[in-house]
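Participant: Structure below; questions to follow.
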Amino acid sequence: MDSPLLPEGVKRCPTTTFFFWTLPWLALLAWGGLSAFLCLWKGLNQTNMSNVFAFALWIVFDLAVIALGAGAFFTGFLTYIIGKGELKNVINAAVIIGFICYSGAMGMLGIDIGQPIRGWFIFWHANIHSMLVEVSFCITCYLMVLGIEFIPLILRNRQLDKIRELHIFGHSLHEIMAVFAATGTFLSFFHQGSLGGMFGVLYARPFAAREGFYIWPWTFFLFILSAIAAGPCFTILCTKLAEKISRKKLVPDNAIQLLAKISAWLLSIYMVLKIADTLGWIYGVVPRAGLKFIDFYRDGPYGIWLVVCEIVIFGIIPAIILMFPKARQHQGWLITACLLNCTGIVLNRFVFIIVTLAIPVMPFDRFWSYLPTWQEWGIAMAVIGYGFLLFSAAYRYLPVFPQERELNPVTE
Amino acid sequence: MTPFSFEWQWNVEYLVFFGLLYIALTIIGCGLIYCFIKTWLNLPLTEEHGAPPEISYRARYSEY
């Protein structure tokens, strides 16, 4: 039925199969829609957020998806600025993933602020000393850049490409894409860092508070590094998932291997600095706050296992796997390492947001527990549903993987 | 006060913060305007010579 819209020379599943594939993701979107409606209509009392947990599930999700979406800016930087030609086979997918992550995060923030119609206050009444204002400015501008990077791909749709004006416009955008990629790199670099920079002012929360250089705590640099280490792995995972579902080879191995190799080095550097930061925190920040390292891991479910998981299982192990060419060339090990790396970054953001707020600081404090309501889960799950829908539609109707035709010749 | 900041103050902090924002927005805006103008200028040319040539790196995918 929709065959005139499909890219030329490639095979796609029948429309009915595609329709059934979209149903679970539409269901997630409907769940999110209902949750959003309740939050906007009745207010944030629909959530389990409180004065203690002003940052909750949505912020963990936001920070995680923004870090995972870093593959877009970093792949763009490597492709257009550094000139890594192999990555042109994966840049479209990286841009779509980035667009999904950032637009999803923005949508979630729209509900999180409680009164979206006053969302523009952050721009009009900007507190220029706030790291989060910088984040808001940067992610808004970067979403524009991602939109601009996405437009030429949308205009490559078989029917849209026939319109001469759109064809030439897409062509013109492509010619100066390096300028947009450079702007995106600048914006992304700062907002990834500023998300970590926030912990430089959390003096009352020694679990997360960090010192650093000038106005930038060490977490500023660690957040950038962790994002550019995990972003390419998330792009690899999404590409591999698309290959598994479509039962096709979509990206040549050299592009995937290059991304994995770059990710390996970045993750290794990040782990060295993360371990140094953790030691500095144990022997610096914590004693100065009149506490001991173990004091943070006494109450609730958060024990020393968190540190072991974050640093060893989801950090050192994937770094080692990705570092060895033979290991990363093995499909199973590559996917395992990418999964561990991406889980590690989600866990890192979870620790910095939820665990930080849950752990008691003063002797008279108690451990605070927090469980999200179904409405909070609904909005978070809607981002996943939206992501699957948009990526599926993009794969079906746009030439996302430029070598798909060569790698999978259609035999009539 | 500027059109984009109600509490604008003439000091270094505001100049750096908003300066970088305006630079980013200017680059994005100028890039888009350039593309619109280039499309408009190229339209009559393509009427004579057909569609513009394929973007070089797109044509060379098989070489990677």
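The chains in the structure tokens are called A, B, ... from first to last as shown; in each chain the residues are counted from 1, and the ligands are counted from 1 in the order shown.
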What residues in chain A have any atom no more than 8 Å from chain B when counting only C-alpha atoms, and can you write them as a PyMOL selection string?
Facilitator: chain A and resi 85-86+89+123-126+128+137-138+141+145+164-165+168-169+171-176+179-180+183+187+402-403+406
Participant: Just asking: which residues within region 201-379 of chain A are strand (DSSP E or B) according to DSSP, as a ChimeraX atom specification?
Facilitator: /A:212-213,216-217
Participant: Residues as selected, N, CA and C atoms, written as a PDB file, in the first residue's frame, can you do that?
Facilitator:
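After the write, part_1.pdb holds the following:
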ATOM      1  N   GLY A 212      36.833  20.866  41.796  1.00  0.00           N
ATOM      2  CA  GLY A 212      37.332  20.778  40.425  1.00  0.00           C
ATOM      3  C   GLY A 212      38.211  21.938  40.051  1.00  0.00           C
ATOM      4  N   PHE A 213      38.073  22.339  38.793  1.00  0.00           N
ATOM      5  CA  PHE A 213      38.915  23.392  38.233  1.00  0.00           C
ATOM      6  C   PHE A 213      38.048  24.623  37.952  1.00  0.00           C
ATOM      7  N   TRP A 216      34.291  24.596  37.213  1.00  0.00           N
ATOM      8  CA  TRP A 216      33.886  23.281  36.711  1.00  0.00           C
ATOM      9  C   TRP A 216      34.349  22.169  37.655  1.00  0.00           C
ATOM     10  N   PRO A 217      33.414  21.467  38.308  1.00  0.00           N
ATOM     11  CA  PRO A 217      33.825  20.323  39.131  1.00  0.00           C
ATOM     12  C   PRO A 217      34.289  19.175  38.224  1.00  0.00           C
TER      13      PRO A 217
END
Participant: Among region 28-156 of chain A, which ones does DSSP place in alpha helix (DSSP H), written as a ChimeraX atom specification?
Facilitator: /A:28-42,57-68,70-76,91-112,121-124,131-154
Participant: How many Å lie between CA of Leu222 (chain A) and CA of Leu306 (chain A), rounded to one decimal?
Facilitator: 17.8 Å
Participant: Contacts of Ala337 (chain A) at 12 Å or less, counting only C-alpha atoms, minus same-chain residues fewer than 6 places along, as a PDB file with C-alpha atoms, in the first residue's frame?
Facilitator:
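Result saved to selection_20.pdb:
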ATOM      1  CA  ALA A 229      32.170   6.838  25.485  1.00  0.00           C
ATOM      2  CA  ALA A 230      28.630   5.434  25.747  1.00  0.00           C
ATOM      3  CA  PRO A 232      28.752   5.416  20.072  1.00  0.00           C
ATOM      4  CA  CYS A 233      28.019   2.116  21.869  1.00  0.00           C
ATOM      5  CA  PHE A 234      24.316   2.992  21.936  1.00  0.00           C
ATOM      6  CA  ILE A 236      26.075   0.329  17.659  1.00  0.00           C
ATOM      7  CA  LEU A 237      23.384  -1.357  19.768  1.00  0.00           C
ATOM      8  CA  ALA A 260      33.784   0.424  18.989  1.00  0.00           C
ATOM      9  CA  LYS A 261      37.512   1.195  18.978  1.00  0.00           C
ATOM     10  CA  SER A 263      34.484   4.003  22.394  1.00  0.00           C
ATOM     11  CA  ALA A 264      37.034   1.599  23.918  1.00  0.00           C
ATOM     12  CA  LEU A 267      35.757   4.421  28.082  1.00  0.00           C
ATOM     13  CA  ILE A 313      31.091  -4.627  35.934  1.00  0.00           C
ATOM     14  CA  PHE A 314      29.740  -1.755  33.832  1.00  0.00           C
ATOM     15  CA  GLY A 315      33.028   0.089  33.398  1.00  0.00           C
ATOM     16  CA  ILE A 316      36.281  -1.839  33.475  1.00  0.00           C
ATOM     17  CA  ILE A 317      34.879  -5.052  31.936  1.00  0.00           C
ATOM     18  CA  PRO A 318      33.343  -3.422  28.806  1.00  0.00           C
ATOM     19  CA  ALA A 319      36.470  -1.285  28.430  1.00  0.00           C
ATOM     20  CA  ILE A 320      38.646  -4.421  28.390  1.00  0.00           C
ATOM     21  CA  ILE A 321      36.331  -6.240  25.948  1.00  0.00           C
ATOM     22  CA  LEU A 322      36.220  -3.282  23.552  1.00  0.00           C
ATOM     23  CA  MET A 323      39.948  -2.685  23.814  1.00  0.00           C
ATOM     24  CA  PHE A 324      40.911  -6.074  22.338  1.00  0.00           C
ATOM     25  CA  ALA A 327      36.987  -9.515  21.325  1.00  0.00           C
ATOM     26  CA  ARG A 328      35.224  -6.556  19.707  1.00  0.00           C
ATOM     27  CA  GLN A 329      35.192  -8.304  16.330  1.00  0.00           C
ATOM     28  CA  HIS A 330      33.172 -11.097  17.916  1.00  0.00           C
ATOM     29  CA  GLN A 331      29.490 -10.176  17.552  1.00  0.00           C
ATOM     30  CA  THR A 343      23.885   0.167  31.428  1.00  0.00           C
ATOM     31  CA  GLY A 344      26.852   1.708  33.236  1.00  0.00           C
TER      32      GLY A 344
END
